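Peer 1: Please see the structure below; I have some questions.
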Number of protein chains: 2
Amino acid sequence: MEKTEKRGRPKTLDRGRILQTAVMQYWDLSPTDVSIGDICKLTGASKPGIYREFGSDDGLKRAALESYRSLALLPLFDILKRDQNFAAAKAALVSFTTQDRETVGLPLGCLFVAMRAQRDSLGSATGERVDQLRQEVLDAYMVWIETAKSKGECDVKIPTDAAALYFDAQNGGAMRMQKEGVDHATIATVLRYAFEAIE
Amino acid sequence: MEKTEKRGRPKTLDRGRILQTAVMQYWDLSPTDVSIGDICKLTGASKPGIYREFGSDDGLKRAALESYRSLALLPLFDILKRDQNFAAAKAALVSFTTQDRETVGLPLGCLFVAMRAQRDSLGSATGERVDQLRQEVLDAYMVWIETAKSKGECDVKIPTDAAALYFDAQNGGAMRMQKEGVDHATIATVLRYAFEAIE
DNA sequence: TTTATTTCGTAACTATGGGTACGATACATG
DNA sequence: CATGTATCGTACCCATAGTTACGAAATAAA
């Protein structure tokens, strides 16, 4: 493309690499158990380099969360928005949630779930983004449920907001079980029973 | 009772007060966000005093978890062991989980759930106790479910271990919603739908 | 009253982690 | 080749938190 030959010393810091490393570490170990220093050791970057790029620890976590959203949340939204019946969507949710992580090279559990659990220990930027994403997730579930209701595929008696919280809770529970070492098949069984409750 | 007139300087450190304060703080704020120094400020105890009594941060957390077990887990076991039909037990679980905390003066959420979420950030003694309690909880659910199955009140098709994980996950989800500010009524609704799935 | 014993609490020590001051470095431009 | 400019990274600062050394204090026994 364009080289944008700027003045000054050329940048060597690899933002993408740092972000990717941060996401994986936060995801695998927990966001509060990974320090800037850890990221430096893993990427070879210097602390001031990271601070120049992300501003603060909070800034890095917030950027990592944003990455995670594209990586793991958007696919969830896609399933909910897809034009398919309620049962098919629920089945897709189950297989998405219980997909094998090792072969894909992704950590167990869910970074977003972890961040929600530690919301108060996070910086303000990250914390507020967590709140936004939580609302975004609930909204996605609600739209999906409303659609299903209108098509007569979902019981209209259950309040939509309660149903959204319900599905979100099931997903969170599955992510936690995964992290605690429960096998995929059992998690899938649990999820199927949970999802059968709403129809 | 007996004075047990010992030699040496009489003990002034109030173990019970420290434990109670620790439980409440861990419960309300998260176990990893409360330092020994915080407990000292709140109780007036000195740091060496606490170390003499509990050995370490890990020791204090472990003792606090033990207190929490008596306070919040035993009542749960009582419900499960009570001689009542499956539906009645489920209703009791719902009202126990969604009981008003403010009037009782107890924090929202569940310390045990919080400790499980941070299991890897805890000391070895506390971490191992968390694992034991998790198994104890699952065992309690399993005995309860097996009993219900034998009385024909619960579908025998669902594997007992999956059902136990299911109920545990619902309870955990409810505790998390409570901590995130969802109102009691909505949580109760969610729980009722969840529990109806198993019968 | 002296000694043995037990607990008390101030004042440290150490490690970790977020954050930055600042001189060195590398490139474009004049 | 000198100058401006943007980035680099070593070495530091500072706050927090777990932990402990050690002398003072308080009581029972000798």
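Naming scheme: A, B, ... for chains in displayed order of the structure tokens; residues 1 onward per chain; ligands 1 onward as shown.
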DT3 in chain C: which residues within 12 Å, counting only C-alpha atoms (C1' of nucleotides), same-chain residues fewer than 2 positions away excluded, as a tab-separated table (two decimals) with N, CA and C atoms (P, O5', C5', C4', C3', O3' and C1' of nucleotides), in the first residue's frame?
Peer 2:
```tsv
chain	number	residue	atom	x	y	z
B	8	GLY	N	2.08	-16.68	81.00
B	8	GLY	CA	2.21	-15.72	79.90
B	8	GLY	C	1.16	-14.64	79.82
C	1	DT	P	9.98	-5.95	95.65
C	1	DT	O5'	10.35	-7.46	95.22
C	1	DT	C5'	11.48	-8.02	95.87
C	1	DT	C4'	12.10	-9.02	94.94
C	1	DT	C3'	12.23	-8.55	93.50
C	1	DT	O3'	13.29	-9.30	92.89
C	1	DT	C1'	10.84	-10.37	93.52
C	5	DT	P	9.94	-21.84	80.56
C	5	DT	O5'	8.65	-21.02	80.15
C	5	DT	C5'	7.50	-21.07	80.98
C	5	DT	C4'	6.41	-20.17	80.42
C	5	DT	C3'	6.23	-20.25	78.90
C	5	DT	O3'	4.86	-20.44	78.62
C	5	DT	C1'	6.34	-18.00	79.61
D	28	DA	P	-2.20	-14.68	86.56
D	28	DA	O5'	-1.11	-15.85	86.41
D	28	DA	C5'	-1.29	-16.87	85.43
D	28	DA	C4'	-0.23	-17.95	85.60
D	28	DA	C3'	-0.21	-18.62	86.96
D	28	DA	O3'	0.13	-20.01	86.81
D	28	DA	C1'	1.85	-17.49	86.65
D	29	DA	P	0.17	-20.94	88.09
D	29	DA	O5'	1.73	-21.11	88.34
D	29	DA	C5'	2.52	-21.71	87.31
D	29	DA	C4'	4.00	-21.60	87.66
D	29	DA	C3'	4.44	-22.30	88.95
D	29	DA	O3'	5.65	-23.01	88.72
D	29	DA	C1'	5.14	-20.05	88.99
D	30	DA	P	6.22	-23.90	89.90
D	30	DA	O5'	7.52	-23.10	90.38
D	30	DA	C5'	8.49	-22.72	89.42
D	30	DA	C4'	9.61	-21.95	90.12
D	30	DA	C3'	10.07	-22.55	91.45
D	30	DA	O3'	11.48	-22.47	91.55
D	30	DA	C1'	9.40	-20.31	91.79
```
Peer 1: Go through chain C residue by residue and, counting only C-alpha atoms (C1' of nucleotides), keep those with an atom at most 9 Å from chain A; for each kept residue give the shortest atom pair and its distance in Å to one decimal, ordered by chain and increasing number, as a Markdown table.
Peer 2:
```
| residue | atom | partner | partner_atom | distance |
| --- | --- | --- | --- | --- |
| C:DG17 | C1' | A:Ser35 | CA | 6.9 |
| C:DG18 | C1' | A:Asp57 | CA | 7.4 |
| C:DG19 | C1' | A:Ser56 | CA | 8.1 |
| C:DT20 | C1' | A:Pro48 | CA | 7.9 |
| C:DT25 | C1' | A:Arg9 | CA | 7.5 |
| C:DA26 | C1' | A:Arg9 | CA | 4.5 |
| C:DC27 | C1' | A:Arg9 | CA | 4.9 |
| C:DA28 | C1' | A:Arg7 | CA | 4.8 |
| C:DT29 | C1' | A:Arg7 | CA | 8.2 |
```
Peer 1: Restricted to N, CA and C atoms (P, O5', C5', C4', C3', O3' and C1' of nucleotides), what would the selected residues look like written as a PDB file, in the first residue's frame?
Peer 2:
```pdb
ATOM      1  P    DG C  17       3.809  -9.426  39.491  1.00  0.00           P
ATOM      2  O5'  DG C  17       3.068  -8.048  39.218  1.00  0.00           O
ATOM      3  C5'  DG C  17       2.218  -7.489  40.205  1.00  0.00           C
ATOM      4  C4'  DG C  17       2.014  -6.030  39.905  1.00  0.00           C
ATOM      5  C3'  DG C  17       2.185  -5.675  38.421  1.00  0.00           C
ATOM      6  O3'  DG C  17       1.176  -4.763  38.033  1.00  0.00           O
ATOM      7  C1'  DG C  17       3.591  -4.329  39.725  1.00  0.00           C
ATOM      8  P    DG C  18       0.811  -4.555  36.486  1.00  0.00           P
ATOM      9  O5'  DG C  18       0.475  -3.006  36.453  1.00  0.00           O
ATOM     10  C5'  DG C  18      -0.437  -2.463  37.410  1.00  0.00           C
ATOM     11  C4'  DG C  18      -0.116  -1.016  37.643  1.00  0.00           C
ATOM     12  C3'  DG C  18      -0.017  -0.192  36.358  1.00  0.00           C
ATOM     13  O3'  DG C  18      -0.715   1.031  36.528  1.00  0.00           O
ATOM     14  C1'  DG C  18       1.989   0.016  37.621  1.00  0.00           C
ATOM     15  P    DG C  19      -0.905   2.013  35.253  1.00  0.00           P
ATOM     16  O5'  DG C  19       0.418   2.887  35.277  1.00  0.00           O
ATOM     17  C5'  DG C  19       0.642   3.754  36.386  1.00  0.00           C
ATOM     18  C4'  DG C  19       2.006   4.402  36.268  1.00  0.00           C
ATOM     19  C3'  DG C  19       2.313   5.057  34.912  1.00  0.00           C
ATOM     20  O3'  DG C  19       2.473   6.451  35.114  1.00  0.00           O
ATOM     21  C1'  DG C  19       4.174   3.849  35.755  1.00  0.00           C
ATOM     22  P    DT C  20       2.658   7.399  33.859  1.00  0.00           P
ATOM     23  O5'  DT C  20       4.219   7.691  33.977  1.00  0.00           O
ATOM     24  C5'  DT C  20       4.747   8.034  35.242  1.00  0.00           C
ATOM     25  C4'  DT C  20       6.229   8.338  35.126  1.00  0.00           C
ATOM     26  C3'  DT C  20       6.648   9.163  33.902  1.00  0.00           C
ATOM     27  O3'  DT C  20       7.681  10.040  34.311  1.00  0.00           O
ATOM     28  C1'  DT C  20       7.887   7.188  33.955  1.00  0.00           C
ATOM     29  P    DT C  25      23.345   4.779  21.235  1.00  0.00           P
ATOM     30  O5'  DT C  25      22.119   4.661  20.219  1.00  0.00           O
ATOM     31  C5'  DT C  25      21.085   3.718  20.481  1.00  0.00           C
ATOM     32  C4'  DT C  25      20.004   3.829  19.418  1.00  0.00           C
ATOM     33  C3'  DT C  25      20.514   3.950  17.973  1.00  0.00           C
ATOM     34  O3'  DT C  25      19.794   3.037  17.174  1.00  0.00           O
ATOM     35  C1'  DT C  25      18.935   5.629  18.410  1.00  0.00           C
ATOM     36  P    DA C  26      20.453   2.477  15.821  1.00  0.00           P
ATOM     37  O5'  DA C  26      19.391   2.983  14.748  1.00  0.00           O
ATOM     38  C5'  DA C  26      18.019   2.594  14.872  1.00  0.00           C
ATOM     39  C4'  DA C  26      17.175   3.499  14.003  1.00  0.00           C
ATOM     40  C3'  DA C  26      17.718   3.739  12.586  1.00  0.00           C
ATOM     41  O3'  DA C  26      16.647   3.622  11.666  1.00  0.00           O
ATOM     42  C1'  DA C  26      17.267   5.796  13.635  1.00  0.00           C
ATOM     43  P    DC C  27      16.904   2.986  10.233  1.00  0.00           P
ATOM     44  O5'  DC C  27      16.327   4.105   9.271  1.00  0.00           O
ATOM     45  C5'  DC C  27      14.929   4.336   9.273  1.00  0.00           C
ATOM     46  C4'  DC C  27      14.620   5.822   9.280  1.00  0.00           C
ATOM     47  C3'  DC C  27      15.028   6.614   8.040  1.00  0.00           C
ATOM     48  O3'  DC C  27      13.973   6.601   7.078  1.00  0.00           O
ATOM     49  C1'  DC C  27      15.171   7.886  10.082  1.00  0.00           C
ATOM     50  P    DA C  28      14.132   7.406   5.697  1.00  0.00           P
ATOM     51  O5'  DA C  28      13.626   8.876   6.088  1.00  0.00           O
ATOM     52  C5'  DA C  28      12.269   9.097   6.414  1.00  0.00           C
ATOM     53  C4'  DA C  28      11.982  10.602   6.444  1.00  0.00           C
ATOM     54  C3'  DA C  28      12.243  11.320   5.114  1.00  0.00           C
ATOM     55  O3'  DA C  28      11.230  12.308   4.918  1.00  0.00           O
ATOM     56  C1'  DA C  28      13.694  12.197   6.800  1.00  0.00           C
ATOM     57  P    DT C  29      11.196  13.130   3.609  1.00  0.00           P
ATOM     58  O5'  DT C  29      11.926  14.464   4.066  1.00  0.00           O
ATOM     59  C5'  DT C  29      11.417  15.199   5.189  1.00  0.00           C
ATOM     60  C4'  DT C  29      12.362  16.340   5.532  1.00  0.00           C
ATOM     61  C3'  DT C  29      12.744  17.267   4.360  1.00  0.00           C
ATOM     62  O3'  DT C  29      12.455  18.602   4.729  1.00  0.00           O
ATOM     63  C1'  DT C  29      14.659  16.652   5.578  1.00  0.00           C
TER      64       DT C  29
END
```
Peer 1: Given only C-alpha atoms as the basis, pick out the residue of B:Gly16, B:Gly152, B:Pro107, B:Pro159 nearest to chain A.
Peer 2: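 Of B:Gly16, B:Gly152, B:Pro107, B:Pro159, the one nearest chain A is B:Pro159, counting only C-alpha atoms.
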Peer 1: Could you tell me how far C1' of DC14 in chain D sits from C1' of DA24 in chain C, in Å to one decimal place?
Peer 2: 25.4 Å
Peer 1: Residues of chain D no more than 9 Å from chain A, counting only C-alpha atoms (C1' of nucleotides): send them over as a list in words.
Peer 2: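 Selected residues: DG4, DT5, DA6, DT7, DC8 and DG9 of chain D.
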Peer 1: Would you give me, as a short mmCIF file (atom, residue, chain, number, x, y, z; two decimals) with N, CA and C atoms, in the first residue's frame, the residues of chain B that come within 6 Å of chain A, using only C-alpha atoms?
Peer 2:
```cif
data_model
loop_
_atom_site.label_atom_id
_atom_site.label_comp_id
_atom_site.auth_asym_id
_atom_site.auth_seq_id
_atom_site.Cartn_x
_atom_site.Cartn_y
_atom_site.Cartn_z
N ALA B 162 -24.76 -34.98 35.60
CA ALA B 162 -25.09 -33.81 34.79
C ALA B 162 -26.14 -32.96 35.48
N TYR B 166 -25.93 -29.19 36.69
CA TYR B 166 -26.98 -28.27 36.24
C TYR B 166 -27.49 -27.41 37.39
N ALA B 169 -24.90 -25.03 38.60
CA ALA B 169 -24.71 -23.91 37.66
C ALA B 169 -25.84 -22.89 37.80
N GLY B 173 -25.29 -19.09 38.79
CA GLY B 173 -25.78 -18.02 37.92
C GLY B 173 -26.63 -17.03 38.70
N VAL B 190 -36.17 -16.63 36.63
CA VAL B 190 -35.16 -17.40 35.90
C VAL B 190 -34.96 -18.77 36.54
N ALA B 197 -37.06 -27.46 34.17
CA ALA B 197 -36.49 -28.28 33.10
C ALA B 197 -36.18 -29.69 33.58
#
```
Peer 1: Would you list the contacts of DC13 in chain C as a list of chain:residue names, taking every protein, DNA or RNA residue within 12 Å and counting only C-alpha atoms (C1' of nucleotides), but skipping same-chain residues closer than 5 positions in sequence?
Peer 2: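 Skipping anything fewer than 5 positions along the chain leaves D:DG18, D:DT19, D:DT20, D:DA21.
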Peer 1: Convert the current residue selection to file output with C-alpha atoms (C1' of nucleotides), as a short mmCIF file (atom, residue, chain, number, x, y, z; two decimals), in the first residue's frame.
Peer 2:
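Okay, out_34.cif is ready:
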```
data_model
loop_
_atom_site.label_atom_id
_atom_site.label_comp_id
_atom_site.auth_asym_id
_atom_site.auth_seq_id
_atom_site.Cartn_x
_atom_site.Cartn_y
_atom_site.Cartn_z
"C1'" DG D 18 2.64 -10.54 52.43
"C1'" DT D 19 5.69 -11.54 56.08
"C1'" DT D 20 8.77 -11.31 60.11
"C1'" DA D 21 12.54 -9.63 63.66
#
```
Peer 1: For Gly123 in chain A, which of A:Glu199, A:Asp58, A:Asp155, A:Glu146 is the closest residue, counting only C-alpha atoms?
Peer 2: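 Smallest separation from Gly123 in chain A among the options: A:Asp58.
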